[in-house]
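Student: You'll find coords_36.tsv just under this line, and it carries TSV, C-alpha atoms.
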```tsv
chain	number	residue	atom	x	y	z
A	1	MET	CA	112.95	177.12	84.82
A	2	TRP	CA	114.63	175.04	87.49
A	3	LYS	CA	113.88	171.75	89.16
A	4	GLN	CA	115.30	170.82	92.54
A	5	ARG	CA	115.32	167.39	94.08
A	6	VAL	CA	114.49	168.02	97.72
A	7	VAL	CA	116.19	166.37	100.68
A	8	LYS	CA	114.29	163.39	102.07
A	9	LYS	CA	114.67	163.68	105.84
A	10	TYR	CA	113.77	160.03	106.40
A	11	ARG	CA	116.88	158.88	104.47
A	12	HIS	CA	120.43	158.81	105.73
A	13	GLU	CA	122.08	162.07	104.64
A	14	GLU	CA	124.86	160.52	102.50
A	15	LEU	CA	122.51	158.03	100.88
A	16	ASP	CA	120.01	160.78	100.13
A	17	GLN	CA	122.69	162.94	98.48
A	18	ARG	CA	123.89	160.01	96.35
A	19	ILE	CA	120.33	159.14	95.24
A	20	ARG	CA	119.47	162.75	94.41
A	21	THR	CA	122.72	163.25	92.49
A	22	ARG	CA	122.29	160.00	90.54
A	23	ARG	CA	118.70	160.88	89.60
A	24	LEU	CA	119.70	164.42	88.66
A	25	PHE	CA	122.37	163.21	86.23
A	26	GLN	CA	120.11	160.43	84.92
A	27	GLU	CA	117.45	163.00	84.04
A	28	ALA	CA	120.03	165.30	82.41
A	29	ARG	CA	121.50	162.42	80.35
A	30	THR	CA	118.02	161.41	79.22
A	31	LEU	CA	117.17	164.97	78.16
A	32	LEU	CA	120.39	165.16	76.12
A	33	ARG	CA	119.73	161.77	74.54
A	34	CYS	CA	116.19	162.88	73.62
A	35	ARG	CA	117.55	165.95	71.87
A	36	LYS	CA	119.86	163.71	69.82
A	37	LEU	CA	116.81	161.62	68.89
A	38	GLN	CA	115.07	164.85	67.75
A	39	ILE	CA	112.47	164.70	70.51
A	40	ARG	CA	111.44	168.14	71.68
A	41	VAL	CA	112.49	168.54	75.31
A	42	PRO	CA	113.66	171.55	77.33
A	43	ALA	CA	117.32	172.48	76.84
A	44	ILE	CA	119.61	172.11	79.85
A	45	TYR	CA	121.40	175.27	80.95
A	46	PHE	CA	123.02	174.34	84.25
A	47	ILE	CA	123.38	171.46	86.70
A	48	ASP	CA	124.21	171.98	90.38
A	49	PRO	CA	124.89	168.55	91.93
A	50	GLU	CA	125.49	169.96	95.42
A	51	GLU	CA	121.98	171.43	95.60
A	52	SER	CA	120.44	168.87	93.20
A	53	ILE	CA	119.24	171.60	90.84
A	54	LEU	CA	118.65	171.26	87.11
A	55	VAL	CA	118.16	174.57	85.27
A	56	MET	CA	116.26	174.12	82.00
A	57	GLN	CA	114.64	176.06	79.20
A	58	TYR	CA	111.23	177.51	80.00
A	59	ILE	CA	108.78	176.55	77.24
A	60	SER	CA	106.85	179.78	76.79
A	61	ASP	CA	103.27	179.96	75.51
A	62	SER	CA	102.77	176.29	76.28
A	63	ILE	CA	99.75	174.46	77.63
A	64	VAL	CA	99.81	171.07	79.31
A	65	LEU	CA	98.31	168.40	77.02
A	66	LYS	CA	95.77	167.53	79.72
A	67	ASN	CA	94.36	171.08	79.63
A	68	TYR	CA	94.65	171.29	75.84
A	69	LEU	CA	92.51	168.17	75.42
A	70	ASN	CA	89.85	169.53	77.76
A	71	GLN	CA	89.44	172.86	75.96
A	72	PRO	CA	85.96	173.21	74.50
A	73	SER	CA	86.31	173.52	70.74
A	74	ASN	CA	85.62	171.77	67.49
A	75	ARG	CA	89.30	171.25	66.70
A	76	ASP	CA	90.68	168.16	65.04
A	77	ILE	CA	92.60	166.26	67.71
A	78	SER	CA	94.18	163.76	65.32
A	79	PRO	CA	97.34	165.84	64.57
A	80	ILE	CA	98.23	166.09	68.25
A	81	ALA	CA	97.43	162.38	68.80
A	82	MET	CA	99.72	161.51	65.92
A	83	ARG	CA	102.48	163.70	67.36
A	84	VAL	CA	102.13	161.95	70.72
A	85	GLY	CA	102.42	158.54	69.03
A	86	GLU	CA	105.44	159.57	66.99
A	87	THR	CA	107.18	161.10	70.02
A	88	ILE	CA	106.74	157.93	72.06
A	89	ALA	CA	107.98	155.81	69.14
A	90	LYS	CA	111.15	157.92	68.91
A	91	LEU	CA	111.60	157.61	72.67
A	92	HIS	CA	111.21	153.83	72.62
A	93	ASN	CA	113.38	153.44	69.50
A	94	GLY	CA	116.10	155.16	71.52
A	95	ALA	CA	115.60	152.63	74.37
A	96	ILE	CA	114.24	155.34	76.68
A	97	ILE	CA	111.35	154.56	79.01
A	98	HIS	CA	109.76	157.74	80.35
A	99	GLY	CA	108.31	156.10	83.45
A	100	ASP	CA	105.54	158.69	83.88
A	101	LEU	CA	103.91	159.18	80.48
A	102	THR	CA	100.85	161.19	81.42
A	103	THR	CA	98.99	164.01	79.72
A	104	SER	CA	100.59	166.33	82.29
A	105	ASN	CA	104.07	165.60	80.95
A	106	PHE	CA	103.47	166.82	77.41
A	107	LEU	CA	103.44	170.53	76.54
A	108	VAL	CA	101.61	171.86	73.47
A	109	VAL	CA	102.88	175.06	71.84
A	110	HIS	CA	101.03	176.84	69.02
A	111	LYS	CA	103.23	178.91	66.73
A	112	ASP	CA	102.07	181.91	64.67
A	113	ASN	CA	102.29	179.91	61.44
A	114	ASP	CA	99.62	177.44	62.65
A	115	GLN	CA	102.34	174.96	63.55
A	116	THR	CA	101.76	172.94	66.73
A	117	LEU	CA	104.81	171.70	68.63
A	118	LEU	CA	104.82	168.98	71.27
A	119	TYR	CA	107.39	168.90	74.08
A	120	LEU	CA	107.97	166.03	76.49
A	121	ILE	CA	108.94	166.94	80.06
A	122	ASP	CA	109.73	165.45	83.49
A	123	PHE	CA	112.14	162.58	83.01
A	124	GLY	CA	112.59	162.06	86.75
A	125	LEU	CA	111.46	158.42	86.55
A	126	SER	CA	113.05	157.63	83.19
A	127	PHE	CA	115.42	154.76	82.54
A	128	TYR	CA	116.96	152.90	79.62
A	129	SER	CA	115.41	149.64	78.45
A	130	ASN	CA	114.62	147.87	75.21
A	131	THR	CA	112.16	145.32	76.58
A	132	GLU	CA	108.63	145.05	75.22
A	133	GLU	CA	107.36	144.90	78.82
A	134	ASP	CA	108.78	148.29	79.81
A	135	LYS	CA	107.57	149.93	76.60
A	136	ALA	CA	104.11	148.40	77.03
A	137	VAL	CA	103.88	149.64	80.63
A	138	ASP	CA	104.89	153.12	79.41
A	139	LEU	CA	102.02	153.02	76.89
A	140	TYR	CA	99.60	151.64	79.48
A	141	VAL	CA	100.32	154.52	81.85
A	142	LEU	CA	99.56	156.98	79.03
A	143	GLU	CA	96.40	155.13	78.03
A	144	ARG	CA	95.11	155.29	81.62
A	145	ALA	CA	95.95	159.01	81.79
A	146	ILE	CA	94.08	159.67	78.54
A	147	LEU	CA	91.05	157.76	79.83
A	148	THR	CA	90.89	159.99	82.90
A	149	THR	CA	91.62	163.20	80.99
A	150	MET	CA	89.43	163.24	77.90
A	151	LYS	CA	85.75	163.29	77.16
A	152	GLU	CA	84.43	159.77	76.76
A	153	ASN	CA	83.42	160.26	73.12
A	154	GLU	CA	86.96	161.38	72.11
A	155	VAL	CA	89.12	158.89	74.04
A	156	GLY	CA	88.91	156.00	71.58
A	157	TYR	CA	89.65	158.14	68.54
A	158	PHE	CA	92.60	159.91	70.18
A	159	TRP	CA	94.15	156.67	71.47
A	160	GLU	CA	93.58	154.91	68.13
A	161	LYS	CA	95.40	157.69	66.22
A	162	CYS	CA	98.19	157.71	68.80
A	163	ILE	CA	98.74	153.93	68.58
A	164	GLU	CA	98.36	153.90	64.79
A	165	THR	CA	101.20	156.42	64.49
A	166	TYR	CA	103.28	154.64	67.14
A	167	SER	CA	102.92	151.43	65.09
A	168	LYS	CA	104.23	153.15	61.96
A	169	HIS	CA	107.33	154.54	63.67
A	170	ALA	CA	108.30	152.14	66.49
A	171	LYS	CA	110.75	149.41	65.54
A	172	ASP	CA	109.12	146.60	67.51
A	173	ALA	CA	105.57	147.96	67.65
A	174	SER	CA	103.71	144.68	67.06
A	175	LYS	CA	105.49	142.94	69.95
A	176	VAL	CA	105.03	145.95	72.23
A	177	LEU	CA	101.31	146.17	71.42
A	178	GLN	CA	100.87	142.43	72.05
A	179	ARG	CA	102.55	142.92	75.41
A	180	LEU	CA	100.31	145.94	76.06
A	181	GLU	CA	97.31	143.59	75.90
A	182	GLN	CA	98.88	141.45	78.64
A	183	VAL	CA	99.64	144.54	80.73
A	184	ARG	CA	96.02	145.68	80.36
A	185	ARG	CA	94.75	142.30	81.56
A	186	ARG	CA	97.02	142.45	84.61
A	187	GLY	CA	95.90	146.02	85.25
A	188	ARG	CA	92.24	145.04	85.16
A	189	LYS	CA	92.87	142.16	87.55
A	190	LEU	CA	94.66	144.43	89.99
A	191	SER	CA	91.88	147.03	89.87
A	192	MET	CA	89.26	144.32	90.47
A	193	ILE	CA	91.18	142.92	93.46
A	194	GLY	CA	91.86	146.41	94.75
```
Spell out the structure here as C-alpha coordinates.
Tutor:
Amino acid sequence: MWKQRVVKKYRHEELDQRIRTRRLFQEARTLLRCRKLQIRVPAIYFIDPEESILVMQYISDSIVLKNYLNQPSNRDISPIAMRVGETIAKLHNGAIIHGDLTTSNFLVVHKDNDQTLLYLIDFGLSFYSNTEEDKAVDLYVLERAILTTMKENEVGYFWEKCIETYSKHAKDASKVLQRLEQVRRRGRKLSMIG
(Lines of atoms letter the chains of each structure in order from A and count residues from 1; the text may use other names and numbers.)
(Lines give C-alpha, C1' and ligand atoms only; values in the text may rest on other atoms or scores of the structure.)
Protein backbone atom coordinates (compact mmCIF):
# COMPACT_ATOMS: atom_id res chain seq x y z
CA MET A 1 0.00 0.00 0.00
CA TRP A 2 1.30 3.48 -0.69
CA LYS A 3 0.37 6.94 0.46
CA GLN A 4 1.30 10.04 -1.51
CA ARG A 5 1.15 13.59 -0.26
CA VAL A 6 -0.20 15.52 -3.21
CA VAL A 7 1.07 18.89 -4.41
CA LYS A 8 -0.96 21.84 -3.14
CA LYS A 9 -1.13 24.22 -6.10
CA TYR A 10 -2.05 27.18 -3.90
CA ARG A 11 1.32 26.98 -2.08
CA HIS A 12 4.65 28.20 -3.35
CA GLU A 13 6.40 25.23 -4.99
CA GLU A 14 9.48 25.15 -2.71
CA LEU A 15 7.42 25.66 0.44
CA ASP A 16 5.01 22.92 -0.62
CA GLN A 17 7.87 20.46 -1.22
CA ARG A 18 9.41 21.25 2.18
CA ILE A 19 6.07 20.82 3.98
CA ARG A 20 5.28 17.55 2.20
CA THR A 21 8.77 16.16 2.87
CA ARG A 22 8.67 17.17 6.55
CA ARG A 23 5.24 15.57 7.03
CA LEU A 24 6.31 12.44 5.17
CA PHE A 25 9.32 11.91 7.43
CA GLN A 26 7.32 12.85 10.54
CA GLU A 27 4.77 10.14 9.72
CA ALA A 28 7.52 7.59 9.02
CA ARG A 29 9.32 8.41 12.30
CA THR A 30 6.06 8.07 14.21
CA LEU A 31 5.31 4.68 12.63
CA LEU A 32 8.79 3.45 13.60
CA ARG A 33 8.42 4.78 17.13
CA CYS A 34 5.03 3.04 17.44
CA ARG A 35 6.58 -0.27 16.44
CA LYS A 36 9.21 0.17 19.18
CA LEU A 37 6.35 0.78 21.63
CA GLN A 38 4.74 -2.49 20.44
CA ILE A 39 1.78 -0.73 18.86
CA ARG A 40 0.53 -2.54 15.78
CA VAL A 41 1.05 -0.27 12.78
CA PRO A 42 1.86 -0.98 9.12
CA ALA A 43 5.54 -1.67 8.42
CA ILE A 44 7.38 0.85 6.24
CA TYR A 45 8.95 -0.55 3.08
CA PHE A 46 10.09 2.52 1.16
CA ILE A 47 10.13 6.32 1.32
CA ASP A 48 10.41 8.52 -1.77
CA PRO A 49 10.91 12.12 -0.61
CA GLU A 50 10.98 13.52 -4.16
CA GLU A 51 7.46 12.26 -4.89
CA SER A 52 6.32 12.36 -1.23
CA ILE A 53 5.44 8.66 -1.27
CA LEU A 54 5.39 6.32 1.71
CA VAL A 55 5.12 2.61 0.83
CA MET A 56 3.73 0.56 3.71
CA GLN A 57 2.50 -2.90 4.57
CA TYR A 58 -1.02 -3.72 3.40
CA ILE A 59 -3.02 -5.11 6.32
CA SER A 60 -4.92 -7.94 4.66
CA ASP A 61 -8.28 -9.26 5.87
CA SER A 62 -8.83 -6.10 7.89
CA ILE A 63 -11.98 -4.12 8.52
CA VAL A 64 -12.12 -0.50 9.63
CA LEU A 65 -13.23 -0.25 13.27
CA LYS A 66 -16.12 1.99 12.22
CA ASN A 67 -17.55 -0.78 10.02
CA TYR A 68 -16.73 -3.48 12.56
CA LEU A 69 -18.74 -1.68 15.25
CA ASN A 70 -21.72 -1.32 12.95
CA GLN A 71 -21.92 -5.00 12.00
CA PRO A 72 -25.16 -6.55 13.21
CA SER A 73 -24.27 -9.30 15.66
CA ASN A 74 -24.46 -10.30 19.28
CA ARG A 75 -20.70 -10.14 19.78
CA ASP A 76 -19.05 -8.89 22.94
CA ILE A 77 -17.50 -5.52 22.10
CA SER A 78 -15.56 -5.19 25.35
CA PRO A 79 -12.35 -6.94 24.10
CA ILE A 80 -12.00 -4.53 21.18
CA ALA A 81 -12.82 -1.53 23.41
CA MET A 82 -10.12 -2.65 25.82
CA ARG A 83 -7.63 -3.03 22.96
CA VAL A 84 -8.44 0.50 21.78
CA GLY A 85 -7.87 1.86 25.31
CA GLU A 86 -4.59 -0.01 25.72
CA THR A 87 -3.33 1.09 22.29
CA ILE A 88 -4.02 4.75 23.05
CA ALA A 89 -2.34 4.41 26.45
CA LYS A 90 0.81 2.99 24.81
CA LEU A 91 0.71 5.82 22.27
CA HIS A 92 0.39 8.51 24.94
CA ASN A 93 2.99 6.86 27.20
CA GLY A 94 5.36 7.22 24.25
CA ALA A 95 4.50 10.95 23.99
CA ILE A 96 2.77 10.43 20.63
CA ILE A 97 -0.40 12.33 19.82
CA HIS A 98 -2.22 10.79 16.87
CA GLY A 99 -4.08 13.96 15.92
CA ASP A 100 -6.92 12.12 14.16
CA LEU A 101 -8.05 9.31 16.46
CA THR A 102 -11.24 8.21 14.76
CA THR A 103 -12.88 4.84 14.27
CA SER A 104 -11.71 5.04 10.64
CA ASN A 105 -8.05 4.97 11.71
CA PHE A 106 -8.16 1.62 13.49
CA LEU A 107 -8.12 -1.67 11.57
CA VAL A 108 -9.50 -4.89 13.08
CA VAL A 109 -8.06 -8.22 11.90
CA HIS A 110 -9.51 -11.59 12.93
CA LYS A 111 -7.04 -14.46 12.90
CA ASP A 112 -7.93 -18.15 12.47
CA ASN A 113 -7.22 -18.87 16.13
CA ASP A 114 -9.99 -16.48 17.26
CA GLN A 115 -7.40 -13.83 18.00
CA THR A 116 -8.40 -10.25 17.17
CA LEU A 117 -5.64 -7.78 16.30
CA LEU A 118 -5.96 -4.00 16.27
CA TYR A 119 -3.83 -1.81 14.00
CA LEU A 120 -3.56 1.96 14.17
CA ILE A 121 -3.13 3.81 10.86
CA ASP A 122 -2.83 7.30 9.33
CA PHE A 123 -0.33 9.28 11.36
CA GLY A 124 -0.41 12.24 8.98
CA LEU A 125 -1.45 14.65 11.75
CA SER A 126 0.62 13.09 14.52
CA PHE A 127 3.10 14.95 16.68
CA TYR A 128 5.08 14.44 19.88
CA SER A 129 3.76 15.88 23.13
CA ASN A 130 3.48 14.90 26.76
CA THR A 131 0.88 17.48 27.81
CA GLU A 132 -2.41 16.43 29.38
CA GLU A 133 -4.18 18.88 27.05
CA ASP A 134 -2.97 17.21 23.85
CA LYS A 135 -3.73 13.73 25.17
CA ALA A 136 -7.20 14.83 26.31
CA VAL A 137 -7.96 16.35 22.90
CA ASP A 138 -6.84 13.08 21.27
CA LEU A 139 -9.31 11.19 23.49
CA TYR A 140 -12.06 13.74 22.85
CA VAL A 141 -11.73 13.31 19.09
CA LEU A 142 -12.11 9.54 19.51
CA GLU A 143 -15.06 9.93 21.86
CA ARG A 144 -16.86 12.14 19.32
CA ALA A 145 -16.11 9.63 16.56
CA ILE A 146 -17.51 6.77 18.66
CA LEU A 147 -20.66 8.77 19.39
CA THR A 148 -21.30 9.22 15.67
CA THR A 149 -20.34 5.64 14.76
CA MET A 150 -22.06 3.32 17.20
CA LYS A 151 -25.60 2.45 18.13
CA GLU A 152 -26.79 4.64 20.98
CA ASN A 153 -27.28 1.71 23.37
CA GLU A 154 -23.64 0.53 22.93
CA VAL A 155 -21.75 3.84 22.99
CA GLY A 156 -21.56 4.26 26.77
CA TYR A 157 -20.42 0.70 27.41
CA PHE A 158 -17.76 0.78 24.67
CA TRP A 159 -16.37 4.15 25.79
CA GLU A 160 -16.42 3.11 29.46
CA LYS A 161 -14.38 -0.05 28.72
CA CYS A 162 -12.00 1.93 26.53
CA ILE A 163 -11.37 4.59 29.21
CA GLU A 164 -11.19 2.00 32.00
CA THR A 165 -8.38 0.21 30.17
CA TYR A 166 -6.68 3.49 29.23
CA SER A 167 -6.69 4.40 32.95
CA LYS A 168 -4.97 1.14 33.87
CA HIS A 169 -2.17 1.56 31.33
CA ALA A 170 -1.58 5.31 30.84
CA LYS A 171 1.02 6.87 33.11
CA ASP A 172 -0.84 10.11 33.80
CA ALA A 173 -4.38 8.90 33.19
CA SER A 174 -6.09 10.72 36.07
CA LYS A 175 -4.72 14.12 34.98
CA VAL A 176 -5.55 13.43 31.34
CA LEU A 177 -9.12 12.39 32.19
CA GLN A 178 -9.58 15.51 34.35
CA ARG A 179 -8.42 17.58 31.41
CA LEU A 180 -10.77 15.62 29.13
CA GLU A 181 -13.68 16.96 31.20
CA GLN A 182 -12.49 20.52 30.52
CA VAL A 183 -12.09 19.77 26.81
CA ARG A 184 -15.64 18.36 26.71
CA ARG A 185 -17.02 21.53 28.31
CA ARG A 186 -15.21 23.69 25.75
CA GLY A 187 -16.46 21.43 22.97
CA ARG A 188 -20.06 21.75 24.14
CA LYS A 189 -19.74 25.54 24.32
CA LEU A 190 -18.36 25.70 20.80
CA SER A 191 -21.12 23.48 19.43
CA MET A 192 -23.76 25.63 21.15
CA ILE A 193 -22.28 28.85 19.75
CA GLY A 194 -21.84 27.24 16.35
Student: Can you measure atom CA of Lys9 of chain A to atom CA of Gly99 of chain A for me? One decimal in Å is fine.
Tutor: 24.5 Å
Student: Within 9 Å of Lys3 of chain A, counting only C-alpha atoms, which residues show up once you throw out same-chain ones fewer than 4 positions away? Write them as a list in words, please.
Tutor: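 The contact residues come out as Ser52, Ile53, Leu54, Val55 and Met56 of chain A.
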Student: Go ahead and fit an axis-aligned box to every listed atom of segment 128-140 of chain A plus 3 Å each side, and pass me the centre and edge lengths in Å, one decimal, as AutoDock Vina command-line options.
Tutor:
```
--center_x 108.3 --center_y 149.0 --center_z 77.9 --size_x 23.4 --size_y 14.2 --size_z 11.4
```
Student: Write out as a tab-separated table a residue-level contact list of segment 125-148 of chain A versus segment 105-108 of chain A with cut-off 12 Å: for each qualifying residue the closest pair of atoms and the distance in Å to one decimal, counting all atoms listed in the file, rows sorted by chain and residue number upward.
Tutor:
```
residue	atom	partner	partner_atom	distance
A:Leu125	CA	A:Asn105	CA	11.7
A:Val141	CA	A:Asn105	CA	11.7
A:Leu142	CA	A:Asn105	CA	9.9
A:Ala145	CA	A:Asn105	CA	10.5
A:Ile146	CA	A:Phe106	CA	11.9
```
Student: Point out the residue among A:Arg22, A:Arg185, A:Lys135, A:Lys168 with the least atom-to-atom distance to Arg83 of chain A, counting all atoms listed in the file.
Tutor: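 Looking at the shortest contact to Arg83 of chain A, the residue is A:Lys168.
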Student: If you take only C-alpha atoms and a cut-off of 7 Å, which residues of segment 76-185 of chain A touch segment 39-50 of chain A, and what are their nearest atom pairs and distances in Å to one decimal, in chain and number order, as CSV?
Tutor:
```
residue,atom,partner,partner_atom,distance
A:Thr87,CA,A:Ile39,CA,6.4
A:Leu118,CA,A:Arg40,CA,6.7
A:Tyr119,CA,A:Arg40,CA,4.8
A:Leu120,CA,A:Val41,CA,5.3
A:Ile121,CA,A:Val41,CA,6.1
```
Student: With a distance cut-off of 7 Å and only C-alpha atoms, select the neighbouring residues of Met150 of chain A, excluding the residue or stretch itself and same-chain residues fewer than 4 positions from it, and output the selection as a list in words.
Tutor: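 These residues fall inside the cut-off: Leu69, Asn70, Ile146, Glu154 and Val155 of chain A.
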Student: Within 10 Å of Ala170 of chain A, counting all atoms listed in the file, which residues show up once you throw out same-chain ones fewer than 5 positions away? Write them as a list in words, please.
Tutor: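 Everything that qualifies: Gly85, Glu86, Thr87, Ile88, Ala89, Lys90, Leu91, His92, Asn93, Gly94, Ile163, Thr165 and Val176 of chain A.
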Student: Atom CA of Asp172 of chain A to atom CA of Glu160 of chain A: how many Å, to one decimal?
Tutor: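 Atom CA of Glu160 of chain A lies 17.6 Å from atom CA of Asp172 of chain A.
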Student: Find the spatial neighbours of Lys111 of chain A, counting only C-alpha atoms, within a cut-off of 12 Å - ignore same-chain residues fewer than 3 positions away - and output them as a VMD selection string.
Tutor: chain A and resid 60 to 62 108 114 to 118
Student: Which distance in Å separates atom CA of Gln26 of chain A and atom CA of Glu51 of chain A, to one decimal?
Tutor: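 These atoms are spaced 15.4 Å apart.
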